[in-house]
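J.: Supplied structure: run-v1.cif, mmCIF, C-alpha atoms.
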```cif
data_my_file
#
loop_
_atom_site.label_atom_id
_atom_site.label_comp_id
_atom_site.auth_asym_id
_atom_site.auth_seq_id
_atom_site.Cartn_x
_atom_site.Cartn_y
_atom_site.Cartn_z
CA MET A 1 -33.01 15.13 46.17
CA ASN A 2 -30.13 17.51 45.43
CA ASN A 3 -30.47 21.25 46.04
CA HIS A 4 -32.61 23.29 43.66
CA GLN A 5 -29.62 24.93 41.93
CA GLU A 6 -28.98 21.76 39.99
CA LEU A 7 -32.44 21.18 38.53
CA VAL A 8 -33.02 21.78 34.86
CA CYS A 9 -36.11 21.29 32.72
CA ILE A 10 -35.67 18.28 30.45
CA GLY A 11 -37.82 20.00 27.83
CA CYS A 12 -35.84 23.19 27.28
CA GLY A 13 -32.71 22.98 29.44
CA VAL A 14 -33.45 26.07 31.51
CA LYS A 15 -32.72 26.13 35.29
CA VAL A 16 -35.85 25.37 37.26
CA GLN A 17 -37.04 27.82 39.96
CA THR A 18 -40.18 27.82 42.11
CA GLU A 19 -40.30 31.50 43.10
CA ASP A 20 -41.61 33.60 40.22
CA PRO A 21 -44.25 32.29 37.79
CA LYS A 22 -43.45 35.11 35.34
CA GLU A 23 -39.77 34.31 35.05
CA LEU A 24 -38.19 31.56 32.94
CA GLY A 25 -37.91 28.09 34.39
CA PHE A 26 -40.84 28.36 36.78
CA ALA A 27 -42.25 25.05 38.00
CA PRO A 28 -44.68 24.50 40.88
CA LYS A 29 -43.04 22.88 43.93
CA SER A 30 -45.05 19.70 43.33
CA ALA A 31 -43.26 19.23 40.00
CA LEU A 32 -39.94 18.79 41.80
CA GLU A 33 -41.06 15.42 43.19
CA LYS A 34 -41.12 13.93 39.71
CA GLU A 35 -38.21 12.07 38.23
CA SER A 36 -38.00 14.24 35.12
CA ILE A 37 -38.87 17.86 35.72
CA VAL A 38 -40.64 19.97 33.12
CA CYS A 39 -40.99 23.73 33.53
CA GLN A 40 -44.41 25.29 33.22
CA ARG A 41 -43.62 26.87 29.87
CA CYS A 42 -42.76 23.49 28.34
CA PHE A 43 -45.76 21.89 29.99
CA LYS A 44 -48.10 24.46 28.45
CA LEU A 45 -46.38 24.24 25.09
CA LYS A 46 -46.69 20.45 25.01
CA HIS A 47 -50.24 20.23 26.29
CA TYR A 48 -51.96 23.42 25.17
CA ASN A 49 -49.64 24.79 22.48
CA GLU A 50 -49.57 28.06 24.39
CA VAL A 51 -46.50 30.11 23.76
CA GLN A 52 -44.82 32.40 26.28
CA ASP A 53 -42.44 35.07 25.10
CA VAL A 54 -38.84 34.48 25.93
CA SER A 55 -36.24 36.91 27.14
CA LEU A 56 -33.09 35.68 25.39
CA THR A 57 -31.20 38.42 23.55
CA ASP A 58 -28.92 38.27 20.51
CA ASP A 59 -25.99 38.59 22.90
CA ASP A 60 -27.10 35.42 24.69
CA PHE A 61 -26.96 33.58 21.37
CA LEU A 62 -23.53 34.95 20.52
CA LYS A 63 -22.26 33.79 23.90
CA ILE A 64 -23.61 30.32 23.18
CA LEU A 65 -21.98 30.20 19.73
CA ASN A 66 -18.72 31.41 21.27
CA LYS A 67 -18.85 28.59 23.81
CA VAL A 68 -19.38 26.07 21.03
CA GLY A 69 -16.37 27.43 19.14
CA GLU A 70 -14.13 26.92 22.16
CA THR A 71 -14.91 23.20 22.38
CA ASP A 72 -13.31 20.33 20.50
CA SER A 73 -16.40 18.78 18.96
CA LEU A 74 -18.47 18.04 15.88
CA ILE A 75 -20.96 20.78 15.03
CA VAL A 76 -24.19 19.73 13.36
CA LYS A 77 -25.87 22.68 11.68
CA ILE A 78 -29.52 22.29 10.74
CA VAL A 79 -31.12 24.44 8.05
CA ASP A 80 -34.60 24.53 6.61
CA ILE A 81 -34.35 23.73 2.89
CA PHE A 82 -37.34 26.01 2.24
CA ASP A 83 -35.63 28.88 3.92
CA PHE A 84 -31.98 28.12 3.29
CA ASN A 85 -30.86 31.74 3.45
CA GLY A 86 -33.30 32.81 6.16
CA SER A 87 -32.27 29.88 8.35
CA TRP A 88 -28.53 30.25 7.74
CA LEU A 89 -26.54 31.36 10.80
CA PRO A 90 -24.47 34.22 9.44
CA GLY A 91 -20.99 34.23 10.86
CA LEU A 92 -21.13 30.65 12.14
CA HIS A 93 -17.84 30.00 10.32
CA ARG A 94 -16.22 32.57 12.62
CA PHE A 95 -17.32 30.62 15.68
CA VAL A 96 -16.67 27.02 14.70
CA GLY A 97 -12.95 27.22 15.40
CA ARG A 98 -11.29 24.14 13.95
CA ASN A 99 -14.36 21.99 14.41
CA ASP A 100 -15.93 20.10 11.53
CA VAL A 101 -19.45 21.11 10.53
CA LEU A 102 -21.97 18.57 9.26
CA LEU A 103 -24.76 20.39 7.41
CA ILE A 104 -28.23 18.87 7.53
CA GLY A 105 -31.12 20.17 5.42
CA ASN A 106 -34.44 19.41 7.12
CA LYS A 107 -38.02 19.14 5.76
CA VAL A 108 -37.12 17.14 2.64
CA ASP A 109 -40.60 15.53 2.81
CA LEU A 110 -42.12 18.83 1.68
CA LEU A 111 -40.29 18.94 -1.63
CA PRO A 112 -42.26 18.11 -4.74
CA LYS A 113 -41.32 14.68 -6.13
CA SER A 114 -39.73 16.36 -9.13
CA VAL A 115 -36.81 17.75 -7.08
CA LYS A 116 -33.74 15.54 -7.34
CA PRO A 117 -32.02 15.21 -3.93
CA ASN A 118 -28.53 15.25 -5.44
CA LYS A 119 -29.19 18.50 -7.20
CA LEU A 120 -30.32 20.02 -3.93
CA ILE A 121 -27.28 18.72 -2.04
CA ASN A 122 -24.93 20.15 -4.67
CA TRP A 123 -26.71 23.48 -4.49
CA MET A 124 -26.41 23.46 -0.68
CA LYS A 125 -22.67 22.71 -0.90
CA GLN A 126 -22.18 25.51 -3.40
CA SER A 127 -24.24 28.01 -1.37
CA SER A 128 -22.43 27.10 1.87
CA LYS A 129 -19.09 27.82 0.22
CA GLU A 130 -20.35 31.18 -0.99
CA LEU A 131 -21.51 31.92 2.57
CA GLY A 132 -18.07 31.09 3.96
CA LEU A 133 -18.63 27.60 5.34
CA ASN A 134 -17.12 24.38 4.04
CA PRO A 135 -19.14 21.53 5.56
CA ILE A 136 -17.59 18.08 5.96
CA ASP A 137 -20.77 16.61 4.45
CA VAL A 138 -24.32 17.58 3.50
CA LEU A 139 -27.37 15.43 4.27
CA LEU A 140 -31.12 15.74 3.75
CA VAL A 141 -33.63 14.54 6.36
CA SER A 142 -37.23 14.88 7.39
CA ALA A 143 -37.31 15.12 11.16
CA GLU A 144 -41.10 15.30 11.09
CA LYS A 145 -41.46 12.03 9.15
CA GLY A 146 -38.31 10.35 10.45
CA LYS A 147 -36.84 10.04 6.94
CA HIS A 148 -33.06 9.47 6.67
CA ILE A 149 -32.62 9.87 10.43
CA LEU A 150 -30.64 6.64 10.67
CA GLU A 151 -28.26 7.83 7.93
CA ALA A 152 -27.83 11.05 9.87
CA ALA A 153 -27.16 9.14 13.09
CA ASP A 154 -24.50 7.06 11.30
CA ALA A 155 -22.88 10.15 9.82
CA ILE A 156 -22.78 11.90 13.21
CA GLU A 157 -21.25 8.81 14.79
CA ARG A 158 -18.66 8.59 12.00
CA TYR A 159 -17.66 12.27 11.93
CA ARG A 160 -17.62 12.93 15.66
CA ARG A 161 -14.69 10.53 16.20
CA GLY A 162 -15.48 10.13 19.90
CA LYS A 163 -16.11 13.86 20.53
CA ASP A 164 -19.13 15.75 21.84
CA VAL A 165 -21.71 16.90 19.29
CA TYR A 166 -23.28 20.37 19.31
CA VAL A 167 -26.47 20.85 17.32
CA VAL A 168 -27.04 24.43 16.19
CA GLY A 169 -29.66 26.14 14.05
CA CYS A 170 -32.05 29.01 13.71
CA THR A 171 -35.49 29.02 15.26
CA ASN A 172 -38.07 27.04 13.27
CA VAL A 173 -35.73 24.72 11.41
CA GLY A 174 -36.98 21.64 13.29
CA LYS A 175 -33.85 21.18 15.37
CA SER A 176 -35.52 19.78 18.49
CA THR A 177 -37.73 17.50 16.40
CA PHE A 178 -34.57 16.22 14.71
CA ILE A 179 -32.87 15.52 18.04
CA ASN A 180 -35.98 13.79 19.42
CA ARG A 181 -36.04 11.55 16.36
CA LEU A 182 -32.37 10.80 16.75
CA ILE A 183 -32.79 9.83 20.40
CA LYS A 184 -35.81 7.72 19.52
CA GLU A 185 -33.98 5.87 16.74
CA VAL A 186 -30.95 5.29 18.88
CA SER A 187 -32.44 4.67 22.35
CA GLY A 188 -36.17 4.17 21.88
CA GLU A 189 -37.11 7.10 24.16
CA SER A 190 -39.46 9.63 22.65
CA ASP A 191 -40.19 13.37 22.92
CA ILE A 192 -37.56 14.34 25.40
CA ILE A 193 -37.10 17.88 24.14
CA THR A 194 -39.98 20.31 23.82
CA THR A 195 -40.91 20.95 20.22
CA SER A 196 -43.50 23.22 18.67
CA HIS A 197 -43.88 25.36 15.60
CA PHE A 198 -43.19 28.47 17.65
CA PRO A 199 -39.71 29.95 17.45
CA GLY A 200 -37.36 29.71 20.38
CA THR A 201 -38.48 26.61 22.24
CA THR A 202 -35.10 25.46 23.59
CA LEU A 203 -33.79 28.00 26.06
CA ASP A 204 -30.50 26.68 27.29
CA MET A 205 -28.06 23.97 26.37
CA ILE A 206 -29.55 20.49 26.82
CA GLU A 207 -27.09 17.62 27.19
CA ILE A 208 -28.05 14.18 26.00
CA PRO A 209 -25.52 11.54 27.05
CA LEU A 210 -24.06 9.37 24.29
CA ASP A 211 -22.80 5.90 25.10
CA ASP A 212 -19.09 6.76 25.40
CA GLU A 213 -19.01 9.44 28.10
CA GLN A 214 -19.56 12.14 25.46
CA ALA A 215 -22.78 14.08 24.93
CA LEU A 216 -25.04 15.44 22.22
CA ILE A 217 -25.78 19.05 23.11
CA ASP A 218 -28.85 20.87 21.84
CA THR A 219 -28.36 24.64 21.76
CA PRO A 220 -31.15 27.25 21.73
CA GLY A 221 -32.66 28.12 18.36
CA ILE A 222 -31.00 31.33 17.29
CA ILE A 223 -33.24 34.12 16.15
CA ASN A 224 -32.37 35.32 12.68
CA HIS A 225 -34.17 38.59 12.13
CA HIS A 226 -34.30 38.03 8.39
CA GLN A 227 -36.73 35.14 8.73
CA MET A 228 -40.12 35.75 7.14
CA ALA A 229 -41.65 33.99 10.17
CA HIS A 230 -40.93 37.05 12.29
CA TYR A 231 -43.38 39.10 10.26
CA VAL A 232 -46.42 36.87 10.63
CA ASP A 233 -48.71 36.28 13.57
CA LYS A 234 -48.05 32.96 15.33
CA ARG A 235 -51.50 31.81 14.21
CA ASP A 236 -50.40 32.21 10.59
CA PHE A 237 -47.28 30.04 10.83
CA LYS A 238 -49.34 27.16 9.53
CA VAL A 239 -50.19 29.21 6.44
CA ILE A 240 -46.63 29.99 5.39
CA MET A 241 -44.83 26.91 6.68
CA PRO A 242 -45.74 23.93 4.54
CA LYS A 243 -46.78 20.82 6.47
CA LYS A 244 -47.41 18.60 3.43
CA GLU A 245 -45.67 18.03 0.11
CA ILE A 246 -45.88 21.22 -1.89
CA LYS A 247 -48.17 21.14 -4.91
CA PRO A 248 -46.72 23.22 -7.76
CA ARG A 249 -49.13 25.90 -9.02
CA VAL A 250 -48.74 27.03 -12.64
CA TYR A 251 -49.66 30.52 -13.87
CA GLN A 252 -49.81 31.61 -17.51
CA LEU A 253 -48.77 35.25 -17.29
CA ASN A 254 -48.88 38.07 -19.80
CA GLU A 255 -46.45 40.96 -19.51
CA GLY A 256 -47.54 43.46 -16.90
CA GLN A 257 -49.16 40.99 -14.49
CA THR A 258 -48.51 40.60 -10.77
CA LEU A 259 -48.84 37.71 -8.32
CA PHE A 260 -49.38 38.50 -4.64
CA PHE A 261 -48.40 35.82 -2.11
CA GLY A 262 -50.85 36.74 0.61
CA GLY A 263 -49.71 40.24 1.57
CA LEU A 264 -46.20 39.04 2.40
CA ALA A 265 -44.54 39.26 -1.00
CA ARG A 266 -45.27 39.91 -4.64
CA LEU A 267 -43.84 39.12 -8.05
CA ASP A 268 -44.23 41.51 -11.00
CA TYR A 269 -43.80 39.95 -14.41
CA VAL A 270 -42.65 43.00 -16.36
CA SER A 271 -41.63 41.72 -19.77
CA GLY A 272 -40.68 38.64 -21.79
CA GLY A 273 -43.85 37.73 -23.71
CA ARG A 274 -46.57 35.36 -22.51
CA ARG A 275 -45.07 32.55 -20.42
CA SER A 276 -45.73 30.15 -17.60
CA LEU A 277 -44.40 30.52 -14.06
CA THR A 278 -44.60 27.75 -11.48
CA SER A 279 -44.86 28.55 -7.80
CA TYR A 280 -43.60 26.25 -5.05
CA LEU A 281 -45.09 27.75 -1.90
CA SER A 282 -47.14 26.40 0.99
CA ASN A 283 -50.44 24.99 -0.32
CA GLU A 284 -52.27 27.09 2.30
CA LEU A 285 -50.88 30.42 1.11
CA ASN A 286 -53.33 32.34 -1.03
CA ILE A 287 -51.94 33.59 -4.37
CA HIS A 288 -53.76 36.51 -5.99
CA ARG A 289 -53.22 37.60 -9.60
CA THR A 290 -53.78 41.15 -10.78
CA LYS A 291 -52.59 43.69 -13.39
CA LEU A 292 -49.27 45.29 -12.58
CA GLU A 293 -50.78 48.76 -13.04
CA ASN A 294 -53.34 48.04 -10.28
CA ALA A 295 -50.97 46.27 -7.90
CA ASP A 296 -49.90 49.19 -5.68
CA GLU A 297 -53.46 50.37 -5.28
CA LEU A 298 -54.69 46.84 -4.50
CA TYR A 299 -52.03 46.41 -1.83
CA LYS A 300 -52.80 49.80 -0.28
CA ASN A 301 -56.52 49.01 -0.04
CA HIS A 302 -56.56 45.28 0.63
CA ALA A 303 -53.40 44.22 2.50
CA GLY A 304 -54.56 42.43 5.64
CA GLU A 305 -57.93 41.39 4.21
CA LEU A 306 -57.94 40.04 0.63
CA LEU A 307 -54.14 39.84 0.83
CA THR A 308 -53.38 38.02 4.07
CA PRO A 309 -51.29 37.21 6.10
CA PRO A 310 -50.45 39.75 7.57
CA ARG A 311 -53.59 40.25 9.66
CA PRO A 312 -55.51 43.57 9.62
CA GLU A 313 -54.14 44.55 13.04
CA GLN A 314 -50.56 44.03 11.82
CA ILE A 315 -50.74 46.31 8.80
CA GLU A 316 -49.64 49.44 10.68
CA GLU A 317 -46.45 47.73 11.85
CA PHE A 318 -45.78 45.64 8.76
CA PRO A 319 -42.49 46.51 7.00
CA LYS A 320 -42.62 48.11 3.58
CA LEU A 321 -42.23 45.71 0.63
CA ILE A 322 -38.92 46.46 -1.10
CA PRO A 323 -38.56 45.77 -4.86
CA HIS A 324 -35.65 43.69 -6.22
CA GLU A 325 -35.22 43.68 -9.98
CA PHE A 326 -34.01 40.65 -11.97
CA SER A 327 -33.32 40.15 -15.66
CA LEU A 328 -33.15 36.41 -16.20
CA LYS A 329 -30.73 35.61 -19.00
CA ASP A 330 -30.05 31.92 -18.39
CA GLY A 331 -32.37 28.93 -18.77
CA LYS A 332 -34.70 27.81 -16.00
CA MET A 333 -34.30 29.97 -12.89
CA ASP A 334 -35.88 29.97 -9.44
CA ILE A 335 -36.72 33.20 -7.68
CA VAL A 336 -36.46 32.31 -4.02
CA PHE A 337 -38.56 34.20 -1.49
CA SER A 338 -36.80 33.47 1.77
CA GLY A 339 -39.16 31.73 4.18
CA LEU A 340 -41.95 31.17 1.65
CA GLY A 341 -40.55 29.04 -1.16
CA TRP A 342 -39.79 29.87 -4.79
CA VAL A 343 -41.19 30.60 -8.23
CA THR A 344 -39.66 28.97 -11.30
CA VAL A 345 -39.35 30.93 -14.52
CA ASN A 346 -39.07 28.40 -17.31
CA GLU A 347 -37.44 30.21 -20.24
CA PRO A 348 -34.73 32.91 -20.35
CA GLY A 349 -35.44 36.53 -21.22
CA ALA A 350 -37.88 37.52 -18.47
CA LYS A 351 -37.72 40.75 -16.54
CA ILE A 352 -39.09 40.36 -13.03
CA VAL A 353 -39.43 42.50 -9.94
CA ALA A 354 -39.77 40.63 -6.64
CA HIS A 355 -41.03 42.53 -3.59
CA VAL A 356 -40.31 41.31 -0.04
CA PRO A 357 -40.44 42.93 3.41
CA LYS A 358 -37.39 45.05 4.19
CA GLY A 359 -34.70 42.74 5.62
CA VAL A 360 -36.01 39.54 4.03
CA ASN A 361 -33.87 37.91 1.34
CA VAL A 362 -34.80 37.24 -2.25
CA ILE A 363 -32.29 35.40 -4.44
CA VAL A 364 -32.08 33.83 -7.87
CA ARG A 365 -30.63 30.38 -8.47
CA LYS A 366 -30.52 27.82 -11.23
CA SER A 367 -33.74 25.85 -11.05
CA LEU A 368 -33.65 22.82 -8.75
CA ILE A 369 -36.20 21.07 -10.91
#
```
Output the file's structure in the form of structure tokens.

T.:
Amino acid sequence: MNNHQELVCIGCGVKVQTEDPKELGFAPKSALEKESIVCQRCFKLKHYNEVQDVSLTDDDFLKILNKVGETDSLIVKIVDIFDFNGSWLPGLHRFVGRNDVLLIGNKVDLLPKSVKPNKLINWMKQSSKELGLNPIDVLLVSAEKGKHILEAADAIERYRRGKDVYVVGCTNVGKSTFINRLIKEVSGESDIITTSHFPGTTLDMIEIPLDDEQALIDTPGIINHHQMAHYVDKRDFKVIMPKKEIKPRVYQLNEGQTLFFGGLARLDYVSGGRRSLTSYLSNELNIHRTKLENADELYKNHAGELLTPPRPEQIEEFPKLIPHEFSLKDGKMDIVFSGLGWVTVNEPGAKIVAHVPKGVNVIVRKSLI
């Protein structure tokens, strides 16, 4: 057995120590006997889904991205197609150096059947360019269901040209699940890296050897403070993050009506005659319709109870909802609530105000459907 300095947890990549149960990387001495060592945090996460808060700072993440930029490698960037903007790593293009970036959109299994994959890929290419990144290719996968993982493995093999591969992404995009699937497809081993629906599961770089002396390196999920997930209680992740294919919900709205998406966001339909709007949000999220003139009052009195999440005890802390006004002149448009999904407005000529927590993105795009 080598000295304890060398030991790392195979679940999250953090150095293992046996001194302080409160600090990262703690494992009981008995765990060191085992062939593959798992720290207590990963053990609890895997077996009890208990989450422990993690002490990585934004500076830690910047250091990691800097390291990646100094290498000669292929960078695989994973985004959540339901939260494209919220799960984008701003400034990644400054760190990649001369390395190629392969962009992979995860969670394609959640899209309604009516979304055409090619349309989505073109939109992702276009949006990446606008955000300053020119990926070598764009792929869609479902890490959860194992869809298109083989295509992704082939693409990585093709584009890495014998170099190391660094996988980067925000928290909650399914990065570790993706890597586990990849390893399983390629080597038959399963669940090497700790995964959960809590942000920030991978704490340090984890190296997975490839067959030619190179490695696939999983980097920690980077916290993007604009993600809607940061504003909900962990217990409510399952409400806002779809687990199954999204069922479109259609609303016939008159002018001056408002839809509340839990208490996390709202859409005011100001003018444009009677029309239908279709929402593509998690099936679990409660949508409440009311008159625009009553909306402020309703929110003041019922956020945290009728309008939840957030939970009652979070209301004090919850950021103010900020209005964003849109006049939709073109045909079918989507109003995208970062981290929740989108609402499609079918005909031009609508005036809409979308309200989201301060810091969260709301954008308009040509409809994907």

J.: To one decimal place in Å, what is the distance between atom CA of Leu253 of chain A and atom CA of Ala354 of chain A?

T.: 14.9 Å

J.: Please tell me which residues are no farther than 9 Å from (-45.7, 22.7, 38.7) in the file, counting all atoms listed in the file, and write them as a ChimeraX atom specification.

T.: /A:18,26-32,37-40,43

J.: Can you list, as a PyMOL selection string, every protein, DNA or RNA residue that comes within 10 Å of Ile352 of chain A when you count only C-alpha atoms, leaving out same-chain residues fewer than 4 positions away?

T.: chain A and resi 255-256+258+267-272+323-328+335+345

J.: Grab the residues selected above and save them as a PDB file, in the coordinates of the input with C-alpha atoms.

T.:
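Resulting contents of out31.pdb:
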```pdb
ATOM      1  CA  GLU A 255     -46.450  40.960 -19.510  1.00  0.00           C
ATOM      2  CA  GLY A 256     -47.540  43.460 -16.900  1.00  0.00           C
ATOM      3  CA  THR A 258     -48.510  40.600 -10.770  1.00  0.00           C
ATOM      4  CA  LEU A 267     -43.840  39.120  -8.050  1.00  0.00           C
ATOM      5  CA  ASP A 268     -44.230  41.510 -11.000  1.00  0.00           C
ATOM      6  CA  TYR A 269     -43.800  39.950 -14.410  1.00  0.00           C
ATOM      7  CA  VAL A 270     -42.650  43.000 -16.360  1.00  0.00           C
ATOM      8  CA  SER A 271     -41.630  41.720 -19.770  1.00  0.00           C
ATOM      9  CA  GLY A 272     -40.680  38.640 -21.790  1.00  0.00           C
ATOM     10  CA  PRO A 323     -38.560  45.770  -4.860  1.00  0.00           C
ATOM     11  CA  HIS A 324     -35.650  43.690  -6.220  1.00  0.00           C
ATOM     12  CA  GLU A 325     -35.220  43.680  -9.980  1.00  0.00           C
ATOM     13  CA  PHE A 326     -34.010  40.650 -11.970  1.00  0.00           C
ATOM     14  CA  SER A 327     -33.320  40.150 -15.660  1.00  0.00           C
ATOM     15  CA  LEU A 328     -33.150  36.410 -16.200  1.00  0.00           C
ATOM     16  CA  ILE A 335     -36.720  33.200  -7.680  1.00  0.00           C
ATOM     17  CA  VAL A 345     -39.350  30.930 -14.520  1.00  0.00           C
TER      18      VAL A 345
END
```

J.: I need the residue nearest His93 of chain A from this list: A:His226, A:Lys67, A:Lys113, A:Lys129. Use only C-alpha atoms for the distance.

T.: A:Lys129

J.: What does the distance from atom CA of Val167 of chain A to atom CA of Leu216 of chain A come to in Å, to one decimal?

T.: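 Here the two named atoms are 7.4 Å from each other.
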
J.: Using all atoms listed in the file, can you tell me which of A:Ala153, A:Ile287, A:Ile246, A:Ile75 comes closest to Ser114 of chain A?

T.: A:Ile246

J.: Any idea what the distance is between atom CA of Lys107 of chain A and atom CA of Glu144 of chain A?

T.: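 That distance, rounded to one decimal, is 7.3 Å.
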
J.: Out of A:Val168, A:Ile10, A:Leu140, A:Ile222, which residue has the shortest atom-to-atom distance to Lys119 of chain A when counting all atoms listed in the file?

T.: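 That would be A:Leu140, the residue with the smallest distance to Lys119 of chain A.
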
J.: Using all atoms listed in the file, can you tell me which of A:Asp233, A:Asn283, A:Lys147, A:Arg158 comes closest to Ile315 of chain A?

T.: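 That would be A:Asp233, the residue with the smallest distance to Ile315 of chain A.
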
J.: Once the PyMOL selection byres ((chain A and resi 218) around 7) has been applied to the shown file, what residues remain in the selection, as a list in words?

T.: Tyr166, Val167, Val168, Met205, Ile206, Glu207, Leu216, Ile217, Thr219 and Pro220 of chain A

J.: Restricting the calculation to only C-alpha atoms: of A:Pro242, A:Gly169, A:Gly86, A:Pro348, which residue gets closest to Val336 of chain A?

T.: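 Looking only at the distances to Val336 of chain A, the closest residue turns out to be A:Gly86.
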
J.: Which is closer to Arg160 of chain A than all the others in A:Asp296, A:Asp236, A:Asp212, A:Glu347, using only C-alpha atoms?

T.: A:Asp212

J.: For the structure shown, which residues end up in the PyMOL selection byres ((chain A and resi 146) around 12)? Put them as a PyMOL selection string, please?

T.: chain A and resi 106-109+140-145+147-153+174+177-185
